[in-house]
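Presented below is the structure to which this report refers.
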Amino acid sequence: DQQVKQNSPSLSVQEGRISILNCDYTNSMFDYFLWYKKYPAEGPTFLISISSIKDKNEDGRFTVFLNKSAKHLSLHIVPSQPGDSAVYFCAASGGNQFYFGTGTSLTVIP
Amino acid sequence: DTAVSQTPKYLVTQMGNDKSIKCEQNLGHDTMYWYKQDSKKFLKIMFSYNNKELIINETVPNRFSPKSPDKAHLNLHINSLELGDSAVYFCASSHRTGAAFFGQGTRLTVV
């Protein structure tokens, strides 16, 4: 039973525009959420995180929003750059492990 | 310096063989993990160790045996390899609270 879901397998965005990646979770006990970026043949790279006591965390071009009542989080990348093209995984921390979504493949078109 | 390193990166082996994947982290983390990424790209926890003690052992065949000689190492040994074991295996580490950092992955192909 998948507790973290990313319903969009892919997303294409023009360079310079905003990329919005979405993630939903089912377990209200999760207290820490993360986004990872993954290039082919490499391991996931930690990008940004947010604690459940916050609703927004920003790091440069990357902002994560958390809506606890909706059990939803999103990653905004602005402006998007071609180097951002990768698979993005949403993850939630709980019970001594991280639960991952299935990823969204982002393509930024120059 | 690589924070989480796992070897080998690629492993091709025949059915029935026994193989090991090694993982080391130099981040001073107290928790280490093995994840499996299946053909659908889903990352699923296999094992989690905290301070060398097994704390999570998901429904994994007992042909898979993790070994943590110290806090910085978590190796994965697989006996009697089967075709269905073909996948990418990722090692990761974290503090008990905080982000997990991943190794580069080991692509295991059983033929």
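Each chain of the structure tokens is named A, B, ... in the order shown, its residues numbered from 1; ligands are numbered from 1 in display order.
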Residues within 8 Å of range 92-108 of chain B, please, as a PyMOL selection string. Count only C-alpha atoms; anything in the same chain fewer than 5 positions from it doesn't count. (chain A and resi 34+41-46+49+96) or (chain B and resi 3-13+21+23+25+29-35+50+85-87)
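If you count only C-alpha atoms and ignore residues fewer than 3 places along the chain from Asp59 in chain A, what sits within 8 Å of it is Ile48, Phe62 and Thr63 of chain A.
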Atoms to include: N, CA, C and O atoms. Write the selected residues as an mmCIF file, in the first residue's frame.
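Once everything was written out, this is out-v9.cif:
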data_model
loop_
_atom_site.group_PDB
_atom_site.id
_atom_site.type_symbol
_atom_site.label_atom_id
_atom_site.label_comp_id
_atom_site.auth_asym_id
_atom_site.auth_seq_id
_atom_site.Cartn_x
_atom_site.Cartn_y
_atom_site.Cartn_z
ATOM 1 N N ILE A 48 15.542 19.395 -0.887
ATOM 2 C CA ILE A 48 14.940 20.306 0.085
ATOM 3 C C ILE A 48 13.979 19.521 0.951
ATOM 4 O O ILE A 48 13.452 18.480 0.526
ATOM 5 N N PHE A 62 14.194 26.834 -5.282
ATOM 6 C CA PHE A 62 13.321 25.739 -4.872
ATOM 7 C C PHE A 62 12.507 26.110 -3.630
ATOM 8 O O PHE A 62 13.054 26.600 -2.640
ATOM 9 N N THR A 63 11.214 25.881 -3.715
ATOM 10 C CA THR A 63 10.327 26.113 -2.577
ATOM 11 C C THR A 63 9.423 24.908 -2.410
ATOM 12 O O THR A 63 8.844 24.421 -3.397
#
Contacts from chain A to chain B, 12 Å maximum, only C-alpha atoms: show me the residue list as a PDB file with N, CA, C and O atoms, in the first residue's frame.
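out29.pdb, written as the output of this step:
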ATOM      1  N   ASP A   1       0.846  -1.174   0.000  1.00  0.00           N
ATOM      2  CA  ASP A   1       0.000   0.000   0.000  1.00  0.00           C
ATOM      3  C   ASP A   1       0.891   1.237   0.000  1.00  0.00           C
ATOM      4  O   ASP A   1       1.698   1.435   0.912  1.00  0.00           O
ATOM      5  N   GLN A   2       0.743   2.057  -1.049  1.00  0.00           N
ATOM      6  CA  GLN A   2       1.660   3.173  -1.215  1.00  0.00           C
ATOM      7  C   GLN A   2       1.183   4.361  -0.405  1.00  0.00           C
ATOM      8  O   GLN A   2       0.077   4.868  -0.633  1.00  0.00           O
ATOM      9  N   GLN A   3       1.999   4.832   0.500  1.00  0.00           N
ATOM     10  CA  GLN A   3       1.595   5.915   1.384  1.00  0.00           C
ATOM     11  C   GLN A   3       1.989   7.285   0.853  1.00  0.00           C
ATOM     12  O   GLN A   3       1.531   8.300   1.381  1.00  0.00           O
ATOM     13  N   VAL A   4       2.842   7.304  -0.155  1.00  0.00           N
ATOM     14  CA  VAL A   4       3.248   8.565  -0.780  1.00  0.00           C
ATOM     15  C   VAL A   4       3.040   8.400  -2.285  1.00  0.00           C
ATOM     16  O   VAL A   4       3.526   7.430  -2.874  1.00  0.00           O
ATOM     17  N   LYS A   5       2.307   9.340  -2.862  1.00  0.00           N
ATOM     18  CA  LYS A   5       1.954   9.191  -4.275  1.00  0.00           C
ATOM     19  C   LYS A   5       2.300  10.439  -5.069  1.00  0.00           C
ATOM     20  O   LYS A   5       2.054  11.557  -4.630  1.00  0.00           O
ATOM     21  N   GLN A   6       2.836  10.201  -6.240  1.00  0.00           N
ATOM     22  CA  GLN A   6       3.047  11.266  -7.201  1.00  0.00           C
ATOM     23  C   GLN A   6       2.282  10.849  -8.445  1.00  0.00           C
ATOM     24  O   GLN A   6       2.650   9.890  -9.118  1.00  0.00           O
ATOM     25  N   PRO A   9       3.435  11.219 -13.792  1.00  0.00           N
ATOM     26  CA  PRO A   9       4.714  10.579 -14.093  1.00  0.00           C
ATOM     27  C   PRO A   9       5.687  11.489 -14.833  1.00  0.00           C
ATOM     28  O   PRO A   9       6.892  11.276 -14.773  1.00  0.00           O
ATOM     29  N   ASP A  31       6.058  13.301   9.764  1.00  0.00           N
ATOM     30  CA  ASP A  31       6.391  14.591  10.344  1.00  0.00           C
ATOM     31  C   ASP A  31       7.501  15.323   9.604  1.00  0.00           C
ATOM     32  O   ASP A  31       7.928  16.411  10.020  1.00  0.00           O
ATOM     33  N   TYR A  32       7.968  14.747   8.528  1.00  0.00           N
ATOM     34  CA  TYR A  32       9.095  15.356   7.819  1.00  0.00           C
ATOM     35  C   TYR A  32       9.008  14.912   6.375  1.00  0.00           C
ATOM     36  O   TYR A  32       8.814  13.713   6.101  1.00  0.00           O
ATOM     37  N   PHE A  33       9.117  15.892   5.476  1.00  0.00           N
ATOM     38  CA  PHE A  33       8.919  15.595   4.059  1.00  0.00           C
ATOM     39  C   PHE A  33      10.115  16.103   3.264  1.00  0.00           C
ATOM     40  O   PHE A  33      10.715  17.130   3.612  1.00  0.00           O
ATOM     41  N   LEU A  34      10.439  15.385   2.200  1.00  0.00           N
ATOM     42  CA  LEU A  34      11.656  15.700   1.456  1.00  0.00           C
ATOM     43  C   LEU A  34      11.393  15.589  -0.037  1.00  0.00           C
ATOM     44  O   LEU A  34      10.509  14.852  -0.472  1.00  0.00           O
ATOM     45  N   TRP A  35      12.206  16.274  -0.788  1.00  0.00           N
ATOM     46  CA  TRP A  35      12.257  16.118  -2.238  1.00  0.00           C
ATOM     47  C   TRP A  35      13.676  15.721  -2.631  1.00  0.00           C
ATOM     48  O   TRP A  35      14.659  16.275  -2.122  1.00  0.00           O
ATOM     49  N   TYR A  36      13.728  14.768  -3.545  1.00  0.00           N
ATOM     50  CA  TYR A  36      14.997  14.299  -4.074  1.00  0.00           C
ATOM     51  C   TYR A  36      14.971  14.451  -5.592  1.00  0.00           C
ATOM     52  O   TYR A  36      13.931  14.333  -6.234  1.00  0.00           O
ATOM     53  N   LYS A  37      16.150  14.650  -6.133  1.00  0.00           N
ATOM     54  CA  LYS A  37      16.344  14.749  -7.577  1.00  0.00           C
ATOM     55  C   LYS A  37      17.217  13.578  -7.994  1.00  0.00           C
ATOM     56  O   LYS A  37      18.191  13.248  -7.302  1.00  0.00           O
ATOM     57  N   LYS A  38      16.878  12.962  -9.113  1.00  0.00           N
ATOM     58  CA  LYS A  38      17.665  11.800  -9.539  1.00  0.00           C
ATOM     59  C   LYS A  38      17.958  11.872 -11.030  1.00  0.00           C
ATOM     60  O   LYS A  38      17.042  11.992 -11.853  1.00  0.00           O
ATOM     61  N   TYR A  39      19.246  11.765 -11.332  1.00  0.00           N
ATOM     62  CA  TYR A  39      19.680  11.620 -12.716  1.00  0.00           C
ATOM     63  C   TYR A  39      19.861  10.144 -13.015  1.00  0.00           C
ATOM     64  O   TYR A  39      20.091   9.332 -12.090  1.00  0.00           O
ATOM     65  N   PRO A  40      19.779   9.737 -14.296  1.00  0.00           N
ATOM     66  CA  PRO A  40      19.979   8.328 -14.648  1.00  0.00           C
ATOM     67  C   PRO A  40      21.324   7.813 -14.147  1.00  0.00           C
ATOM     68  O   PRO A  40      22.328   8.530 -14.168  1.00  0.00           O
ATOM     69  N   ALA A  41      21.326   6.593 -13.677  1.00  0.00           N
ATOM     70  CA  ALA A  41      22.532   5.889 -13.232  1.00  0.00           C
ATOM     71  C   ALA A  41      23.199   6.565 -12.025  1.00  0.00           C
ATOM     72  O   ALA A  41      24.395   6.352 -11.777  1.00  0.00           O
ATOM     73  N   GLU A  42      22.430   7.387 -11.295  1.00  0.00           N
ATOM     74  CA  GLU A  42      22.953   7.974 -10.070  1.00  0.00           C
ATOM     75  C   GLU A  42      21.951   7.739  -8.941  1.00  0.00           C
ATOM     76  O   GLU A  42      20.785   7.416  -9.186  1.00  0.00           O
ATOM     77  N   GLY A  43      22.405   7.931  -7.719  1.00  0.00           N
ATOM     78  CA  GLY A  43      21.489   7.829  -6.597  1.00  0.00           C
ATOM     79  C   GLY A  43      20.670   9.098  -6.436  1.00  0.00           C
ATOM     80  O   GLY A  43      21.043  10.153  -6.954  1.00  0.00           O
ATOM     81  N   PRO A  44      19.549   9.024  -5.727  1.00  0.00           N
ATOM     82  CA  PRO A  44      18.762  10.233  -5.448  1.00  0.00           C
ATOM     83  C   PRO A  44      19.596  11.230  -4.652  1.00  0.00           C
ATOM     84  O   PRO A  44      20.321  10.851  -3.736  1.00  0.00           O
ATOM     85  N   THR A  45      19.465  12.495  -5.015  1.00  0.00           N
ATOM     86  CA  THR A  45      20.178  13.572  -4.326  1.00  0.00           C
ATOM     87  C   THR A  45      19.187  14.415  -3.552  1.00  0.00           C
ATOM     88  O   THR A  45      18.201  14.879  -4.119  1.00  0.00           O
ATOM     89  N   PHE A  46      19.461  14.603  -2.271  1.00  0.00           N
ATOM     90  CA  PHE A  46      18.572  15.407  -1.439  1.00  0.00           C
ATOM     91  C   PHE A  46      18.515  16.855  -1.947  1.00  0.00           C
ATOM     92  O   PHE A  46      19.539  17.461  -2.249  1.00  0.00           O
ATOM     93  N   LEU A  47      17.303  17.383  -2.035  1.00  0.00           N
ATOM     94  CA  LEU A  47      17.105  18.722  -2.587  1.00  0.00           C
ATOM     95  C   LEU A  47      16.636  19.701  -1.513  1.00  0.00           C
ATOM     96  O   LEU A  47      17.273  20.703  -1.240  1.00  0.00           O
ATOM     97  N   ILE A  48      15.542  19.395  -0.887  1.00  0.00           N
ATOM     98  CA  ILE A  48      14.940  20.306   0.085  1.00  0.00           C
ATOM     99  C   ILE A  48      13.979  19.521   0.951  1.00  0.00           C
ATOM    100  O   ILE A  48      13.452  18.480   0.526  1.00  0.00           O
ATOM    101  N   SER A  49      13.758  19.999   2.166  1.00  0.00           N
ATOM    102  CA  SER A  49      12.853  19.308   3.075  1.00  0.00           C
ATOM    103  C   SER A  49      11.976  20.309   3.809  1.00  0.00           C
ATOM    104  O   SER A  49      12.219  21.520   3.768  1.00  0.00           O
ATOM    105  N   ILE A  50      10.976  19.770   4.489  1.00  0.00           N
ATOM    106  CA  ILE A  50      10.094  20.609   5.296  1.00  0.00           C
ATOM    107  C   ILE A  50       9.578  19.798   6.469  1.00  0.00           C
ATOM    108  O   ILE A  50       9.224  18.619   6.317  1.00  0.00           O
ATOM    109  N   SER A  51       9.555  20.426   7.611  1.00  0.00           N
ATOM    110  CA  SER A  51       8.985  19.797   8.797  1.00  0.00           C
ATOM    111  C   SER A  51       7.487  20.015   8.794  1.00  0.00           C
ATOM    112  O   SER A  51       6.980  20.988   8.236  1.00  0.00           O
ATOM    113  N   VAL A  87      14.449  13.158 -12.659  1.00  0.00           N
ATOM    114  CA  VAL A  87      13.284  12.580 -11.982  1.00  0.00           C
ATOM    115  C   VAL A  87      13.278  13.104 -10.554  1.00  0.00           C
ATOM    116  O   VAL A  87      14.311  13.081  -9.874  1.00  0.00           O
ATOM    117  N   TYR A  88      12.131  13.579 -10.108  1.00  0.00           N
ATOM    118  CA  TYR A  88      11.985  14.124  -8.766  1.00  0.00           C
ATOM    119  C   TYR A  88      11.120  13.182  -7.925  1.00  0.00           C
ATOM    120  O   TYR A  88      10.010  12.822  -8.322  1.00  0.00           O
ATOM    121  N   PHE A  89      11.671  12.809  -6.782  1.00  0.00           N
ATOM    122  CA  PHE A  89      10.955  11.934  -5.856  1.00  0.00           C
ATOM    123  C   PHE A  89      10.549  12.725  -4.619  1.00  0.00           C
ATOM    124  O   PHE A  89      11.351  13.455  -4.037  1.00  0.00           O
ATOM    125  N   CYS A  90       9.330  12.539  -4.234  1.00  0.00           N
ATOM    126  CA  CYS A  90       8.824  13.051  -2.972  1.00  0.00           C
ATOM    127  C   CYS A  90       9.003  11.940  -1.938  1.00  0.00           C
ATOM    128  O   CYS A  90       8.896  10.749  -2.277  1.00  0.00           O
ATOM    129  N   ALA A  91       9.321  12.303  -0.689  1.00  0.00           N
ATOM    130  CA  ALA A  91       9.489  11.292   0.349  1.00  0.00           C
ATOM    131  C   ALA A  91       8.941  11.815   1.662  1.00  0.00           C
ATOM    132  O   ALA A  91       8.886  13.031   1.894  1.00  0.00           O
ATOM    133  N   ALA A  92       8.547  10.901   2.522  1.00  0.00           N
ATOM    134  CA  ALA A  92       8.057  11.248   3.853  1.00  0.00           C
ATOM    135  C   ALA A  92       8.757  10.363   4.862  1.00  0.00           C
ATOM    136  O   ALA A  92       9.024   9.187   4.600  1.00  0.00           O
ATOM    137  N   SER A  93       9.052  10.956   5.992  1.00  0.00           N
ATOM    138  CA  SER A  93       9.764  10.239   7.038  1.00  0.00           C
ATOM    139  C   SER A  93       8.802   9.795   8.132  1.00  0.00           C
ATOM    140  O   SER A  93       8.002  10.586   8.632  1.00  0.00           O
ATOM    141  N   GLY A  94       8.902   8.506   8.469  1.00  0.00           N
ATOM    142  CA  GLY A  94       8.072   7.996   9.550  1.00  0.00           C
ATOM    143  C   GLY A  94       8.452   6.573   9.880  1.00  0.00           C
ATOM    144  O   GLY A  94       8.788   5.804   8.981  1.00  0.00           O
ATOM    145  N   GLY A  95       8.421   6.187  11.145  1.00  0.00           N
ATOM    146  CA  GLY A  95       8.679   4.802  11.512  1.00  0.00           C
ATOM    147  C   GLY A  95      10.042   4.300  11.123  1.00  0.00           C
ATOM    148  O   GLY A  95      10.200   3.174  10.661  1.00  0.00           O
ATOM    149  N   ASN A  96      11.058   5.135  11.293  1.00  0.00           N
ATOM    150  CA  ASN A  96      12.439   4.729  11.037  1.00  0.00           C
ATOM    151  C   ASN A  96      12.744   4.433   9.580  1.00  0.00           C
ATOM    152  O   ASN A  96      13.676   3.694   9.271  1.00  0.00           O
ATOM    153  N   GLN A  97      11.951   4.965   8.683  1.00  0.00           N
ATOM    154  CA  GLN A  97      12.260   4.803   7.274  1.00  0.00           C
ATOM    155  C   GLN A  97      11.690   5.974   6.493  1.00  0.00           C
ATOM    156  O   GLN A  97      10.949   6.796   7.030  1.00  0.00           O
ATOM    157  N   PHE A  98      12.085   6.013   5.241  1.00  0.00           N
ATOM    158  CA  PHE A  98      11.561   7.025   4.322  1.00  0.00           C
ATOM    159  C   PHE A  98      10.666   6.316   3.310  1.00  0.00           C
ATOM    160  O   PHE A  98      11.036   5.294   2.743  1.00  0.00           O
ATOM    161  N   TYR A  99       9.503   6.894   3.091  1.00  0.00           N
ATOM    162  CA  TYR A  99       8.562   6.375   2.110  1.00  0.00           C
ATOM    163  C   TYR A  99       8.626   7.272   0.876  1.00  0.00           C
ATOM    164  O   TYR A  99       8.516   8.485   0.988  1.00  0.00           O
ATOM    165  N   PHE A 100       8.766   6.646  -0.275  1.00  0.00           N
ATOM    166  CA  PHE A 100       8.968   7.394  -1.510  1.00  0.00           C
ATOM    167  C   PHE A 100       7.773   7.290  -2.438  1.00  0.00           C
ATOM    168  O   PHE A 100       7.107   6.245  -2.504  1.00  0.00           O
ATOM    169  N   GLY A 101       7.542   8.374  -3.178  1.00  0.00           N
ATOM    170  CA  GLY A 101       6.622   8.318  -4.298  1.00  0.00           C
ATOM    171  C   GLY A 101       7.325   7.676  -5.486  1.00  0.00           C
ATOM    172  O   GLY A 101       8.506   7.333  -5.423  1.00  0.00           O
ATOM    173  N   THR A 102       6.603   7.524  -6.588  1.00  0.00           N
ATOM    174  CA  THR A 102       7.136   6.842  -7.762  1.00  0.00           C
ATOM    175  C   THR A 102       7.877   7.782  -8.696  1.00  0.00           C
ATOM    176  O   THR A 102       8.408   7.352  -9.711  1.00  0.00           O
ATOM    177  N   GLY A 103       7.909   9.060  -8.369  1.00  0.00           N
ATOM    178  CA  GLY A 103       8.714   9.994  -9.136  1.00  0.00           C
ATOM    179  C   GLY A 103       7.957  10.698 -10.247  1.00  0.00           C
ATOM    180  O   GLY A 103       6.982  10.176 -10.797  1.00  0.00           O
ATOM    181  N   THR A 104       8.411  11.897 -10.557  1.00  0.00           N
ATOM    182  CA  THR A 104       7.916  12.674 -11.699  1.00  0.00           C
ATOM    183  C   THR A 104       9.124  13.072 -12.531  1.00  0.00           C
ATOM    184  O   THR A 104      10.069  13.667 -12.006  1.00  0.00           O
ATOM    185  N   SER A 105       9.069  12.716 -13.795  1.00  0.00           N
ATOM    186  CA  SER A 105      10.168  13.062 -14.692  1.00  0.00           C
ATOM    187  C   SER A 105       9.943  14.462 -15.248  1.00  0.00           C
ATOM    188  O   SER A 105       8.983  14.700 -15.983  1.00  0.00           O
TER     189      SER A 105
END
